[in-house]
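All remarks here apply to the structure that follows.
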Amino acid sequence: MLSDIHVILILIPSTPVSSPRLHLPSSHSQLLQTAGGLTYVAEMHGRTPVGKMDHLACFLPALLALGVGAMTDFDPTRLPTADNTAMDHLRAAERLTETCMAMYTSQPTGIAPEFVEFNSGSLRAAASAPWNKLRPEAAEALFLMYRVTRDPKWREMGWTMFDAFNRNCRTKAGFSGLNDVRFTPASFNDEMPSYFLAETLKYFWLLFGDPAGPGVQIPLDQWVFNTEAHPLRVSF
């Protein structure tokens, strides 16, 4: 069951990023916090954490939020208020989702690069990977954070993100990834992966859908989205 899934995290607080060892609860995984207050998932080179977070890693706050939802029966009135595992996971999910959003808002285009670096103590786009491939992970995180907490701020963030896609990536024939998100106007890479329709836009649709609308509120205690965002019925 979802409530039996445990994510192992290691929280390493701010300054300096190169401080790899602290005695912290084993209920947390490669999370580093910069001096700017952004919590992110670091890569590990051997036993050394590296100040780098891929957009792909934005699936983790969605995973944590899903676990909290399973522990609370997806009832926002039952969200944890005391320090416990659910609260730890909810806090981590919130902070990581905020970092994923910052990947977007920190760029002139409002679009996230493939990954960001924190080696300078603040988030910046990596010169070696400034492109965007219309990936879905951040939209997925916003959708699940909203469904678990019902906090409208996640919808507002989602609209900011969707608007940036619409302004910068829309073409006459659909949408395109960008070659470099650090400059406007950004040039197209002339590619629209199938997952942009199957996942990215689907998560935006689910995020913005009317809660009372038919077919929009897929019950997350009855359905699970696979890696391509296809809903599969859960059976126990």
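Letters A, B, ... go to the chains of the structure tokens in the order shown; residues in each chain start at 1; ligands are counted from 1 in the same order.
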Practice task
Write out as number ranges by chain which residues come within 10 Å of segment 157-164 of chain A when counting only C-alpha atoms, dropping same-chain ones fewer than 3 positions away.
Solution key: A: 97-98, 101-102, 104-105, 109-112, 138-143, 146, 152-154, 167-170, 200-201, 203-204, 207-208
Could you list, with a cut-off of 6 Å and counting only C-alpha atoms, the residues of segment 54-130 of chain A near segment 180-186 of chain A, each shown with its nearest atom pair and the distance in Å rounded to one decimal, rows sorted by chain and ascending number, as a Markdown table?
```
| residue | atom | partner | partner_atom | distance |
| --- | --- | --- | --- | --- |
| A:Gln107 | CA | A:Arg182 | CA | 5.7 |
| A:Pro108 | CA | A:Arg182 | CA | 5.7 |
| A:Thr109 | CA | A:Val181 | CA | 5.7 |
| A:Pro130 | CA | A:Asp180 | CA | 4.8 |
```
The selected residues should be written to file as a PDB file, in the first residue's frame (atoms: C-alpha atoms).
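So the final result, stored in selection26.pdb, reads:
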```
ATOM      1  CA  GLN A 107      14.700  32.545 -15.662  1.00  0.00           C
ATOM      2  CA  PRO A 108      13.922  35.460 -18.044  1.00  0.00           C
ATOM      3  CA  THR A 109      11.567  33.202 -20.005  1.00  0.00           C
ATOM      4  CA  PRO A 130      20.096  25.630 -20.506  1.00  0.00           C
TER       5      PRO A 130
END
```
Exercise for the section: Point out the residue among A:Val116, A:Ile218, A:Ala93, A:Leu56 with the least atom-to-atom distance to His230 of chain A, counting only C-alpha atoms. Expected result: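 Using only C-alpha atoms, the shortest distance to His230 of chain A belongs to A:Ile218.
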Problem - Å distance separating atom CA of Thr39 of chain A from atom CA of Glu117 of chain A, one decimal place - result: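 Separation of atom CA of Thr39 of chain A and atom CA of Glu117 of chain A: 12.2 Å.
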Practice task
Determine which residues of segment 17-205 of chain A receive a DSSP assignment of helix (DSSP H, G or I), computed from the backbone, and state them as a ChimeraX atom specification.
Solution key: /A:55-71,76-78,85-105,137-149,152-169,194-205
Practice task
Please measure the separation of atom CA of Leu90 of chain A and atom CA of Leu63 of chain A, giving the value in Å to one decimal.
Solution key: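 Taking atom CA of Leu90 of chain A and atom CA of Leu63 of chain A, their separation equals 10.3 Å.
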